[in-house]
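J.: Input structure: upload-v1.cif, which contains mmCIF, C-alpha atoms and all ligand atoms.
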```cif
data_query
#
loop_
_atom_site.label_atom_id
_atom_site.label_comp_id
_atom_site.auth_asym_id
_atom_site.auth_seq_id
_atom_site.Cartn_x
_atom_site.Cartn_y
_atom_site.Cartn_z
CA MET V 1 6.30 22.01 0.15
CA SER V 2 4.94 19.60 2.70
CA ASP V 3 1.33 20.16 1.69
CA THR V 4 1.91 19.15 -1.93
CA ILE V 5 -0.33 16.20 -2.77
CA LEU V 6 1.45 13.31 -4.49
CA THR V 7 -0.27 10.53 -6.40
CA LEU V 8 0.92 6.95 -6.68
CA THR V 9 -0.37 3.39 -7.14
CA ILE V 10 -0.39 0.71 -4.46
CA ASP V 11 -1.43 -2.77 -5.59
CA GLY V 12 -2.99 -1.27 -8.70
CA GLN V 13 -5.08 1.18 -6.69
CA PRO V 14 -4.55 4.90 -7.39
CA VAL V 15 -3.94 6.69 -4.06
CA SER V 16 -2.59 10.03 -2.87
CA GLY V 17 -0.85 11.57 0.13
CA LEU V 18 1.54 14.21 1.40
CA ALA V 19 5.26 14.15 0.65
CA THR V 20 5.88 13.67 4.40
CA GLU V 21 3.89 10.44 4.52
CA THR V 22 5.21 6.89 4.20
CA ILE V 23 4.02 4.06 1.98
CA LEU V 24 2.71 2.28 5.09
CA GLN V 25 0.64 5.27 6.22
CA ILE V 26 -0.94 5.71 2.80
CA ALA V 27 -1.59 1.99 2.45
CA ARG V 28 -3.34 1.83 5.84
CA GLU V 29 -5.39 4.94 5.06
CA ASN V 30 -6.60 3.07 1.98
CA LYS V 31 -7.26 -0.23 3.80
CA ILE V 32 -4.35 -2.00 2.11
CA ASP V 33 -2.94 -4.40 4.66
CA ILE V 34 0.85 -4.55 4.97
CA PRO V 35 1.99 -6.75 7.88
CA THR V 36 4.20 -5.10 10.54
CA LEU V 37 5.69 -6.04 13.88
CA CYS V 38 8.16 -3.40 15.09
CA TYR V 39 6.04 -0.51 13.81
CA LEU V 40 3.61 1.14 16.20
CA GLU V 41 1.73 4.32 15.39
CA GLY V 42 2.98 7.12 17.63
CA LEU V 43 6.53 5.78 18.00
CA SER V 44 9.45 6.53 15.71
CA ALA V 45 9.67 3.98 12.87
CA VAL V 46 12.87 1.91 12.78
CA GLY V 47 12.19 -0.51 9.92
CA SER V 48 13.90 -3.37 11.71
CA CYS V 49 11.48 -6.31 11.52
CA ARG V 50 11.43 -6.28 7.69
CA LEU V 51 7.87 -7.62 7.49
CA CYS V 52 6.62 -4.51 5.68
CA MET V 53 9.05 -4.84 2.76
CA VAL V 54 7.38 -3.93 -0.55
CA GLU V 55 8.36 -3.85 -4.20
CA ILE V 56 8.69 -0.52 -6.03
CA GLU V 57 8.65 -0.55 -9.82
CA GLY V 58 12.04 0.29 -11.31
CA SER V 59 13.97 -0.63 -8.16
CA PRO V 60 15.73 -3.99 -7.84
CA LYS V 61 15.71 -3.71 -4.03
CA LEU V 62 12.87 -4.24 -1.59
CA HIS V 63 11.85 -1.24 0.54
CA PRO V 64 10.51 -1.07 4.12
CA ALA V 65 7.10 0.60 3.79
CA CYS V 66 7.20 2.09 7.31
CA VAL V 67 10.24 4.32 6.59
CA THR V 68 9.93 4.93 2.85
CA LEU V 69 8.34 8.25 1.90
CA ILE V 70 5.96 8.26 -1.03
CA GLN V 71 6.98 9.83 -4.33
CA GLU V 72 5.02 11.12 -7.29
CA GLY V 73 4.22 8.33 -9.73
CA MET V 74 5.49 5.50 -7.52
CA VAL V 75 4.14 2.04 -8.37
CA VAL V 76 4.14 -0.10 -5.23
CA THR V 77 3.29 -3.80 -4.88
CA THR V 78 2.73 -5.21 -1.39
CA GLN V 79 1.53 -8.80 -1.78
CA THR V 80 3.61 -10.74 -4.32
CA GLU V 81 4.39 -14.42 -3.73
CA ARG V 82 8.04 -13.46 -3.23
CA LEU V 83 7.19 -10.95 -0.48
CA GLN V 84 4.78 -13.31 1.25
CA GLY V 85 7.49 -16.01 1.15
CA TYR V 86 10.01 -13.71 2.82
CA ARG V 87 7.43 -12.71 5.41
CA ARG V 88 6.70 -16.34 6.22
CA ASN V 89 10.44 -16.97 6.60
CA ILE V 90 10.89 -13.99 8.92
CA VAL V 91 8.07 -15.15 11.18
CA GLN V 92 9.43 -18.70 11.25
CA LEU V 93 12.93 -17.44 12.11
CA LEU V 94 11.49 -15.44 15.00
CA PHE V 95 9.85 -18.59 16.35
CA ALA V 96 13.01 -20.67 15.84
CA GLU V 97 15.31 -18.11 17.50
CA ARG V 98 13.75 -18.23 21.00
CA ASN V 99 11.48 -20.51 23.03
CA HIS V 100 7.86 -19.87 22.08
CA VAL V 101 5.41 -22.30 23.63
CA CYS V 102 2.11 -20.62 22.80
CA SER V 103 -0.07 -23.15 24.65
CA VAL V 104 1.34 -22.07 28.03
CA CYS V 105 2.03 -18.39 27.25
CA VAL V 106 0.40 -15.45 29.05
CA SER V 107 -0.30 -13.91 25.65
CA ASN V 108 -1.81 -16.98 23.98
CA GLY V 109 -4.63 -15.75 21.75
CA HIS V 110 -3.62 -12.07 22.06
CA CYS V 111 -0.14 -12.13 20.55
CA GLU V 112 0.93 -10.28 17.41
CA LEU V 113 3.57 -12.87 16.48
CA GLN V 114 1.05 -15.68 16.78
CA GLU V 115 -1.48 -13.68 14.80
CA LEU V 116 1.08 -12.95 12.06
CA ALA V 117 1.85 -16.66 11.76
CA HIS V 118 -1.85 -17.40 11.43
CA LYS V 119 -2.46 -14.64 8.88
CA LEU V 120 0.53 -15.57 6.73
CA GLY V 121 -0.35 -19.27 6.79
CA VAL V 122 2.69 -20.36 8.83
CA ASP V 123 1.43 -23.71 10.16
CA HIS V 124 4.82 -25.14 11.15
CA ILE V 125 8.41 -23.94 11.60
CA ALA V 126 10.64 -25.28 8.84
CA PHE V 127 13.87 -24.15 10.55
CA PRO V 128 15.41 -26.12 13.42
CA GLY V 129 14.82 -24.46 16.81
CA CYS V 130 17.78 -22.85 18.61
CA TYR V 131 16.44 -23.52 22.14
CA PRO V 132 18.67 -20.88 23.79
CA GLU V 133 18.96 -20.73 27.57
CA LEU V 134 17.32 -17.41 28.46
CA GLU V 135 16.42 -15.59 31.64
CA VAL V 136 13.10 -14.53 33.03
CA ASP V 137 13.48 -11.25 34.94
CA ALA V 138 10.75 -11.18 37.61
CA SER V 139 12.55 -8.72 39.88
CA HIS V 140 10.09 -5.89 39.27
CA ARG V 141 7.26 -5.52 41.76
CA ARG V 142 4.50 -5.57 39.14
CA PHE V 143 5.93 -6.78 35.84
CA VAL V 144 7.90 -9.64 34.25
CA LEU V 145 10.31 -9.69 31.30
CA ASP V 146 10.60 -13.15 29.74
CA HIS V 147 13.43 -13.13 27.18
CA ASN V 148 12.20 -16.46 25.79
CA ARG V 149 9.36 -14.61 24.06
CA CYS V 150 11.06 -11.35 23.05
CA VAL V 151 11.27 -10.63 19.31
CA LEU V 152 13.57 -7.58 19.75
CA CYS V 153 11.09 -5.23 18.10
CA THR V 154 12.31 -2.43 20.47
CA ARG V 155 8.82 -1.04 20.96
CA CYS V 156 9.47 -1.09 24.74
CA VAL V 157 12.73 0.82 24.27
CA ARG V 158 11.08 3.45 22.12
CA VAL V 159 7.91 3.96 24.16
CA CYS V 160 9.97 4.34 27.34
CA ALA V 161 12.41 6.82 25.80
CA GLU V 162 10.05 8.74 23.49
CA ILE V 163 6.75 8.81 25.37
CA GLU V 164 7.47 8.19 29.05
CA GLY V 165 10.83 9.99 28.85
CA ALA V 166 12.52 7.56 31.23
CA HIS V 167 14.70 5.60 28.78
CA THR V 168 14.98 2.60 31.09
CA TRP V 169 15.25 0.06 28.27
CA ASP V 170 18.02 -0.53 25.78
CA VAL V 171 19.51 -3.34 23.71
CA LYS V 172 22.84 -4.97 24.54
CA ASN V 173 24.99 -7.14 22.26
CA ARG V 174 24.31 -7.76 18.58
CA GLY V 175 22.59 -10.26 16.31
CA MET V 176 21.40 -13.46 17.95
CA ARG V 177 22.98 -12.42 21.25
CA SER V 178 20.95 -9.20 21.48
CA ARG V 179 19.04 -8.74 24.73
CA ILE V 180 16.74 -6.09 26.10
CA VAL V 181 18.33 -4.57 29.24
CA ALA V 182 17.15 -2.17 31.95
CA ASP V 183 19.48 0.76 32.73
CA LEU V 184 23.10 -0.43 32.49
CA ASP V 185 22.05 -4.10 32.50
CA THR V 186 20.57 -4.31 35.99
CA PRO V 187 17.62 -6.43 37.12
CA TRP V 188 14.45 -4.51 36.24
CA GLY V 189 13.47 -4.30 39.92
CA ASP V 190 16.70 -2.43 40.70
CA SER V 191 16.28 0.12 37.91
CA ALA V 192 16.71 3.68 39.13
CA THR V 193 14.93 5.14 36.09
CA CYS V 194 11.81 2.92 35.67
CA THR V 195 8.71 4.85 36.75
CA GLY V 196 6.55 1.72 36.82
CA CYS V 197 4.13 3.21 34.26
CA GLY V 198 3.70 -0.09 32.39
CA LYS V 199 3.67 1.44 28.90
CA CYS V 200 6.33 -1.04 27.73
CA VAL V 201 4.18 -3.95 28.86
CA HIS V 202 1.21 -2.72 26.89
CA VAL V 203 3.04 -1.97 23.63
CA CYS V 204 4.97 -5.29 23.68
CA PRO V 205 3.52 -7.37 20.82
CA THR V 206 4.23 -10.73 22.50
CA GLY V 207 4.19 -12.35 25.92
CA ALA V 208 7.74 -11.10 26.64
CA LEU V 209 6.49 -8.27 28.86
CA SER V 210 3.54 -9.03 31.11
CA GLU V 211 1.90 -8.12 34.40
CA LYS V 212 2.59 -10.33 37.39
CA GLY V 213 -0.24 -12.63 38.39
CA LYS V 214 -1.46 -13.22 34.84
CA SER V 215 -1.78 -16.87 33.86
CA VAL V 216 -2.00 -18.58 30.45
CA ALA V 217 -3.83 -16.43 27.88
CA GLU V 218 -4.76 -13.83 30.49
CA MET V 219 -2.47 -11.01 29.42
CA LEU V 220 -4.67 -8.66 27.40
CA LYS V 221 -2.75 -5.60 26.30
CA LYS V 222 -4.31 -2.18 26.13
CA ARG V 223 -2.35 -0.25 23.54
CA PRO V 224 -2.02 3.27 24.95
CA SER V 225 -3.29 5.85 22.47
CA LEU V 226 0.17 7.05 21.54
CA PRO V 227 -0.75 9.47 18.72
CA TYR V 228 -3.15 11.16 21.18
CA LEU V 229 -0.45 11.45 23.86
CA VAL V 230 2.01 12.83 21.33
CA ALA V 231 -0.50 15.36 19.94
CA ASN V 232 -1.35 16.70 23.41
CA ARG V 233 2.27 17.06 24.30
CA THR V 234 3.04 18.97 21.10
CA GLU V 235 0.27 21.46 21.88
CA GLU V 236 1.59 22.07 25.37
CA ARG V 237 5.02 22.94 24.03
CA GLN V 238 3.77 25.58 21.64
CA MET X 239 -17.66 -46.91 -1.76
CA LYS X 240 -14.69 -48.70 -0.30
CA LYS X 241 -14.02 -47.55 3.24
CA ARG X 242 -10.78 -45.65 3.82
CA ARG X 243 -8.29 -47.04 6.27
CA LEU X 244 -7.70 -44.53 9.11
CA ALA X 245 -5.05 -44.84 11.81
CA THR X 246 -4.13 -42.62 14.75
CA LEU X 247 -0.81 -42.76 16.55
CA TRP X 248 0.12 -41.42 20.00
CA LEU X 249 3.73 -40.35 20.50
CA ASP X 250 4.91 -37.84 23.15
CA GLY X 251 1.70 -35.96 23.85
CA CYS X 252 -0.84 -35.78 26.67
CA SER X 253 -3.63 -37.52 24.68
CA GLY X 254 -5.52 -34.23 24.55
CA CYS X 255 -5.59 -34.34 20.74
CA HIS X 256 -7.17 -37.78 20.83
CA MET X 257 -9.68 -36.44 23.37
CA SER X 258 -10.45 -33.59 20.98
CA LEU X 259 -11.05 -36.13 18.21
CA LEU X 260 -13.56 -37.90 20.46
CA ASP X 261 -15.14 -34.51 21.16
CA THR X 262 -16.54 -34.53 17.61
CA ASP X 263 -19.42 -36.33 19.37
CA GLU X 264 -22.16 -37.63 17.08
CA ARG X 265 -20.13 -36.72 14.01
CA LEU X 266 -17.96 -39.69 14.93
CA LEU X 267 -20.78 -41.73 13.41
CA ASP X 268 -20.38 -39.87 10.10
CA LEU X 269 -16.66 -40.55 10.22
CA ALA X 270 -17.20 -44.18 11.20
CA ALA X 271 -19.40 -44.62 8.13
CA GLN X 272 -16.51 -43.49 5.91
CA VAL X 273 -13.54 -45.21 7.53
CA ASP X 274 -12.18 -48.38 9.03
CA MET X 275 -10.18 -47.59 12.15
CA VAL X 276 -7.23 -49.90 11.57
CA PHE X 277 -4.87 -48.72 14.31
CA SER X 278 -5.26 -46.39 17.29
CA PRO X 279 -4.77 -46.10 21.05
CA LEU X 280 -8.58 -46.20 21.01
CA ALA X 281 -8.53 -49.68 19.42
CA ASP X 282 -6.77 -52.82 20.60
CA ILE X 283 -4.39 -53.49 17.71
CA LYS X 284 -0.74 -54.11 18.42
CA GLU X 285 1.12 -53.57 15.12
CA PHE X 286 0.79 -50.60 12.79
CA PRO X 287 -0.77 -52.24 9.70
CA GLU X 288 0.15 -51.89 6.02
CA GLN X 289 -1.72 -49.79 3.45
CA VAL X 290 -3.20 -47.08 5.59
CA ASP X 291 -4.89 -44.17 3.80
CA VAL X 292 -4.68 -41.51 6.51
CA VAL X 293 -2.73 -41.45 9.77
CA CYS X 294 -3.21 -38.71 12.39
CA ILE X 295 -0.24 -38.44 14.71
CA GLU X 296 -0.35 -36.81 18.12
CA GLY X 297 2.80 -35.92 20.05
CA ALA X 298 6.43 -35.03 19.46
CA VAL X 299 9.28 -37.46 18.80
CA SER X 300 11.05 -37.91 22.16
CA SER X 301 12.77 -41.30 21.93
CA ALA X 302 14.26 -43.73 19.42
CA GLU X 303 11.09 -45.77 19.83
CA ASP X 304 8.91 -42.78 18.86
CA GLU X 305 11.07 -42.28 15.79
CA ALA X 306 10.81 -45.92 14.73
CA ARG X 307 7.01 -45.87 15.12
CA LEU X 308 6.83 -42.63 13.13
CA HIS X 309 8.92 -44.07 10.27
CA ARG X 310 6.76 -47.20 10.15
CA ALA X 311 3.60 -45.08 10.05
CA ARG X 312 5.07 -43.00 7.21
CA ARG X 313 6.09 -46.05 5.18
CA HIS X 314 2.64 -47.58 5.36
CA SER X 315 0.44 -44.48 5.03
CA LYS X 316 -0.58 -42.38 2.03
CA LEU X 317 -1.32 -39.22 4.02
CA LEU X 318 0.34 -38.27 7.29
CA ILE X 319 -1.20 -35.58 9.48
CA ALA X 320 0.67 -33.82 12.29
CA MET X 321 -2.19 -33.47 14.77
CA GLY X 322 -1.71 -30.75 17.39
CA ASP X 323 1.12 -28.53 18.59
CA CYS X 324 3.39 -31.28 20.03
CA ALA X 325 3.49 -33.02 16.64
CA VAL X 326 3.73 -29.67 14.80
CA THR X 327 6.23 -27.67 16.93
CA GLY X 328 7.39 -29.91 19.80
CA ASN X 329 5.35 -27.76 22.20
CA ILE X 330 5.37 -28.94 25.85
CA PRO X 331 7.77 -31.93 25.55
CA ALA X 332 10.21 -29.66 23.68
CA MET X 333 10.37 -27.27 26.66
CA ARG X 334 13.11 -29.53 27.99
CA ASN X 335 15.24 -28.98 24.88
CA VAL X 336 16.95 -26.04 26.55
CA HIS X 337 18.45 -28.11 29.37
CA GLY X 338 18.20 -31.71 28.12
CA ALA X 339 16.35 -34.79 29.36
CA ASP X 340 18.61 -35.58 32.34
CA ALA X 341 18.31 -32.15 33.90
CA MET X 342 14.54 -32.26 33.39
CA LEU X 343 14.13 -35.71 34.96
CA ARG X 344 16.34 -34.78 37.92
CA SER X 345 14.45 -31.56 38.47
CA VAL X 346 11.02 -33.23 38.37
CA TYR X 347 11.71 -36.53 40.16
CA LEU X 348 14.58 -35.79 42.55
CA GLU X 349 15.03 -32.12 43.33
CA ARG X 350 11.46 -31.31 44.37
CA GLU X 351 11.71 -33.39 47.57
CA PRO X 352 9.20 -36.03 46.48
CA LEU X 353 8.10 -38.79 48.88
CA GLN X 354 10.02 -41.42 46.97
CA ALA X 355 12.84 -39.85 45.04
CA GLN X 356 13.51 -41.97 41.94
CA ILE X 357 13.62 -41.46 38.21
CA PRO X 358 11.24 -43.92 36.51
CA GLY X 359 13.33 -45.86 34.04
CA THR X 360 12.79 -49.61 33.96
CA ASN X 361 11.28 -50.78 30.69
CA LEU X 362 10.74 -47.25 29.45
CA PRO X 363 12.30 -46.00 26.21
CA PRO X 364 15.07 -43.58 27.26
CA LEU X 365 14.28 -39.94 26.50
CA ARG X 366 16.44 -38.12 24.03
CA ASP X 367 17.88 -34.75 24.95
CA LYS X 368 15.67 -33.07 22.41
CA SER X 369 12.01 -33.63 21.67
CA LEU X 370 11.31 -32.68 18.04
CA PRO X 371 8.35 -32.18 15.71
CA LEU X 372 7.43 -34.84 13.15
CA HIS X 373 8.62 -32.95 10.06
CA HIS X 374 12.22 -33.14 11.32
CA PHE X 375 12.07 -36.87 10.51
CA VAL X 376 9.46 -37.51 7.80
CA HIS X 377 7.41 -35.70 5.19
CA VAL X 378 4.19 -34.34 6.69
CA ASP X 379 1.20 -33.85 4.39
CA LEU X 380 -0.92 -31.66 6.66
CA PHE X 381 -0.14 -29.63 9.78
CA ILE X 382 -2.97 -29.00 12.24
CA PRO X 383 -1.68 -26.65 14.97
CA GLY X 384 -3.60 -26.22 18.22
CA CYS X 385 -3.25 -27.41 21.80
CA PRO X 386 -5.41 -29.31 21.23
CA PRO X 387 -6.94 -28.43 17.85
CA ALA X 388 -10.69 -27.91 18.31
CA ALA X 389 -12.96 -30.87 17.58
CA ASP X 390 -14.44 -28.82 14.73
CA THR X 391 -11.00 -28.30 13.22
CA LEU X 392 -10.17 -32.01 13.36
CA PHE X 393 -13.52 -32.97 11.90
CA THR X 394 -13.19 -30.42 9.08
CA ALA X 395 -9.71 -31.71 8.28
CA LEU X 396 -10.60 -35.41 8.31
CA ASN X 397 -13.89 -34.96 6.52
CA GLY X 398 -12.14 -32.76 3.95
CA LEU X 399 -9.42 -35.34 3.32
CA LEU X 400 -11.91 -38.19 3.04
CA THR X 401 -14.17 -36.32 0.64
CA GLY X 402 -11.20 -34.97 -1.31
CA THR X 403 -11.68 -31.25 -0.61
CA ALA X 404 -8.73 -29.65 -2.37
CA ASP X 405 -8.42 -26.42 -0.41
CA LEU X 406 -8.37 -27.16 3.31
CA ARG X 407 -8.46 -23.79 5.09
CA LEU X 408 -8.27 -24.69 8.74
CA ASP X 409 -9.08 -21.95 11.21
CA THR X 410 -6.50 -22.84 13.82
CA ARG X 411 -3.12 -21.59 15.07
CA PHE X 412 -0.30 -22.44 17.48
CA GLY X 413 -1.73 -22.66 20.99
CA ALA X 414 -5.37 -22.57 19.80
S1 LIG J 1 4.89 -14.64 22.72
FE1 LIG J 1 3.30 -15.12 21.20
S2 LIG J 1 4.28 -16.50 19.76
FE2 LIG J 1 5.55 -16.46 21.61
S3 LIG J 1 4.80 -18.15 22.88
FE3 LIG J 1 3.65 -16.32 23.51
S4 LIG J 1 1.77 -16.43 22.25
FE4 LIG J 1 3.27 -17.77 21.28
S1 LIG J 2 10.26 -7.04 25.28
FE1 LIG J 2 8.47 -6.95 23.91
S2 LIG J 2 8.42 -4.79 23.19
FE2 LIG J 2 10.46 -5.16 24.05
S3 LIG J 2 11.73 -5.75 22.29
FE3 LIG J 2 10.98 -7.66 23.24
S4 LIG J 2 9.10 -8.15 22.11
FE4 LIG J 2 9.58 -6.00 21.67
#
```
Produce structure tokens that represent the structure in this file.
T.:
Amino acid sequence: MSDTILTLTIDGQPVSGLATETILQIARENKIDIPTLCYLEGLSAVGSCRLCMVEIEGSPKLHPACVTLIQEGMVVTTQTERLQGYRRNIVQLLFAERNHVCSVCVSNGHCELQELAHKLGVDHIAFPGCYPELEVDASHRRFVLDHNRCVLCTRCVRVCAEIEGAHTWDVKNRGMRSRIVADLDTPWGDSATCTGCGKCVHVCPTGALSEKGKSVAEMLKKRPSLPYLVANRTEERQ
Amino acid sequence: MKKRRLATLWLDGCSGCHMSLLDTDERLLDLAAQVDMVFSPLADIKEFPEQVDVVCIEGAVSSAEDEARLHRARRHSKLLIAMGDCAVTGNIPAMRNVHGADAMLRSVYLEREPLQAQIPGTNLPPLRDKSLPLHHFVHVDLFIPGCPPAADTLFTALNGLLTGTADLRLDTRFGA
């Protein structure tokens, strides 16, 4: 079954893929750019940031491209004015929810949130800022977690649980009160499970996770080759 | 051609955006040929004049005085440009918004064991608890993010507005 080839249209372009593949995968294979934030190749897809929402003909709802499998004859649109408007709103809400001061951020110039704003033409934040009082956890020997810049994408949670196998990170509370926590909400430096591998730092799309000693704009992230790590591991198991 | 009337206004910012404007170097001569500078911290004019074509505003709104100056600039200007991150997002001055002006002043001027512990206050407009971007108070016609926006960006924007370029695609972003 899984090797049946399905055909569909994305933005008017006829494309094809396997029944196990998502709209996002097929779009990227065909150089159709759908913006994402929580998605990272090699990690499980959670569809939480809602930036990859697309329209599917015949459906009144919008669908997250990263978790929607393709179907025969699907007609997908990824770039309508309505979708771009929602995407601009999402990015602005992320800025308004916490304290992002790009000019003094370790990730200035290398940040996915900043880049999304630029790409989507967000040149100001229409919503009033929340200015919440948030902690900076610098208790770890080598790394810092600055909640002011966290967008709750959960990439750190997933890479730690799924790739490193330590499951140090989790999310506490709900909605606006959600926070990333280490172990059972201990300072990161006291975590009994953290191996200090730094994968979370390097998959974090913003300046929320960084290496100590990095100043403004100095935090360049090296995305670990997750699909490669996953593929090797699968071979070992067999 | 009649020269356009250009003004620049400095609210709560570090003057870096004005410095960036000066960094356009010899292109300032091209600009000077097209405009009359009718109000600016770079010119000695006390009152914001009437009938301004374009005003570039640096800095966030941090006091009642800033707000009054902003409203006057808006009333008398056809196009209002938010120049730089402080005007666009609040940026550095807005970092105090979490704890308020008092806590910030105490922390900077009293709690760091300075030689002469005192909060400067006489004859200064009192700071509001929150420092906010321009568009929270008035309509903004063009946002130019950047801290500061590059000289090239500012020149492209001003030159574009003066020559009536319809589609201003500025290659800048927050923190640029
Ligand atoms: S995390 Fe990104 S968007 Fe937030 S302040 Fe840093 S550079 Fe700006
Ligand atoms: S710390 Fe970084 S990777 Fe983790 S949820 Fe926040 S933004 Fe995402």
J.: Within 10 Å of chain V, which residues of chain X show up when using all atoms listed in the file, listed as JSON, numbers by chain?
T.: {"X": [320, 323, 324, 325, 326, 327, 328, 329, 330, 332, 333, 334, 335, 336, 337, 368, 370, 371, 373, 374, 380, 381, 382, 383, 384, 385, 386, 407, 408, 409, 410, 411, 412, 413, 414]}
J.: Between CA of Arg149 in chain V and CA of Cys49 in chain V, measure the distance and give it in Å to one decimal.
T.: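 Between CA of Arg149 in chain V and CA of Cys49 in chain V the gap works out to 15.2 Å.
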J.: Taking (4.8, -35.5, 5.8) in the coordinates of the supplied file, I want to know which residues reach to within 8 Å of it, counting all atoms listed in the file; could you give the answer as a PyMOL selection string?
T.: chain X and resi 312+317-320+372-373+376-380
J.: Quick one: pull the distance between CA of Val230 in chain V and CA of Thr195 in chain V, Å, one decimal.
T.: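 Pair CA of Val230 in chain V / CA of Thr195 in chain V returns 18.6 Å.
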J.: Using all atoms listed in the file, tabulate the residues of chain V lying at most 9 Å from any atom of ligand LIG 2 (chain J), each with its closest atom pair and that distance in Å to one decimal, by chain and increasing residue number, as a Markdown table.
T.:
```
| residue | atom | partner | partner_atom | distance |
| --- | --- | --- | --- | --- |
| V:Leu37 | CA | J:LIG2 | FE4 | 8.7 |
| V:Cys38 | CA | J:LIG2 | FE4 | 7.2 |
| V:Leu145 | CA | J:LIG2 | S1 | 6.6 |
| V:Asp146 | CA | J:LIG2 | S1 | 7.6 |
| V:His147 | CA | J:LIG2 | S1 | 7.1 |
| V:Arg149 | CA | J:LIG2 | S4 | 6.8 |
| V:Cys150 | CA | J:LIG2 | FE3 | 3.7 |
| V:Val151 | CA | J:LIG2 | S4 | 4.3 |
| V:Leu152 | CA | J:LIG2 | S3 | 3.6 |
| V:Cys153 | CA | J:LIG2 | FE4 | 4.0 |
| V:Thr154 | CA | J:LIG2 | S3 | 3.8 |
| V:Arg155 | CA | J:LIG2 | S2 | 4.4 |
| V:Cys156 | CA | J:LIG2 | S2 | 4.1 |
| V:Val157 | CA | J:LIG2 | FE2 | 6.4 |
| V:Arg158 | CA | J:LIG2 | S2 | 8.7 |
| V:Val159 | CA | J:LIG2 | S2 | 8.8 |
| V:Trp169 | CA | J:LIG2 | FE2 | 8.2 |
| V:Asp170 | CA | J:LIG2 | S3 | 8.9 |
| V:Val171 | CA | J:LIG2 | S3 | 8.3 |
| V:Arg179 | CA | J:LIG2 | S3 | 8.3 |
| V:Ile180 | CA | J:LIG2 | S3 | 6.3 |
| V:Cys200 | CA | J:LIG2 | S2 | 6.2 |
| V:Val201 | CA | J:LIG2 | S2 | 7.1 |
| V:His202 | CA | J:LIG2 | S2 | 8.4 |
| V:Val203 | CA | J:LIG2 | S2 | 6.1 |
| V:Cys204 | CA | J:LIG2 | S2 | 3.5 |
| V:Pro205 | CA | J:LIG2 | S4 | 5.8 |
| V:Thr206 | CA | J:LIG2 | S4 | 5.5 |
| V:Gly207 | CA | J:LIG2 | FE1 | 7.2 |
| V:Ala208 | CA | J:LIG2 | S1 | 5.0 |
| V:Leu209 | CA | J:LIG2 | S1 | 5.3 |
| V:Ser210 | CA | J:LIG2 | FE1 | 9.0 |
```
J.: For Cys66 in chain V, please output as a list in words all residues within 9 Å (counting all atoms listed in the file; exclusion window: fewer than 5 positions along the same chain).
T.: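 The filter keeps Thr22, Ile23, Leu24, Gln25, Thr36, Tyr39, Ala45, Val46, Gly47, Cys52 and Met53 of chain V.
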J.: One decimal, Å: what's the distance from CA of Glu211 in chain V over to CA of Asp190 in chain V, could you say?
T.: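 Rounded to one decimal, the two atoms are 17.1 Å apart.
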J.: So which residues touch range 257-262 of chain X within 12 Å, counting all atoms listed in the file, skipping near sequence neighbours fewer than 3 positions away, as a PyMOL selection string?
T.: chain X and resi 246+248+251-254+265-270+278-280+294-296+321-322+384-397
J.: Pick out the residues sitting within 10 Å of Asp340 in chain X, and hand them over as a list in words; count only C-alpha atoms, and ignore anything fewer than 4 positions along from it in its own chain.
T.: Arg334, Arg344, Ser345, Val346, Ile357, Leu365, Arg366 and Asp367 of chain X
J.: Measuring between all atoms listed in the file, which one of V:Leu116, V:Gln79, V:Arg233, V:Gly175 shows the shortest distance to ligand LIG 1 (chain J)?
T.: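 Looking only at the distances to ligand LIG 1 (chain J), the closest residue turns out to be V:Leu116.
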J.: Tell me which of V:Ser16, V:Ser59, V:Asn30, V:Ser215 sits closest to ligand LIG 1 (chain J), counting all atoms listed in the file.
T.: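 For ligand LIG 1 (chain J), the nearest of the given residues is V:Ser215.
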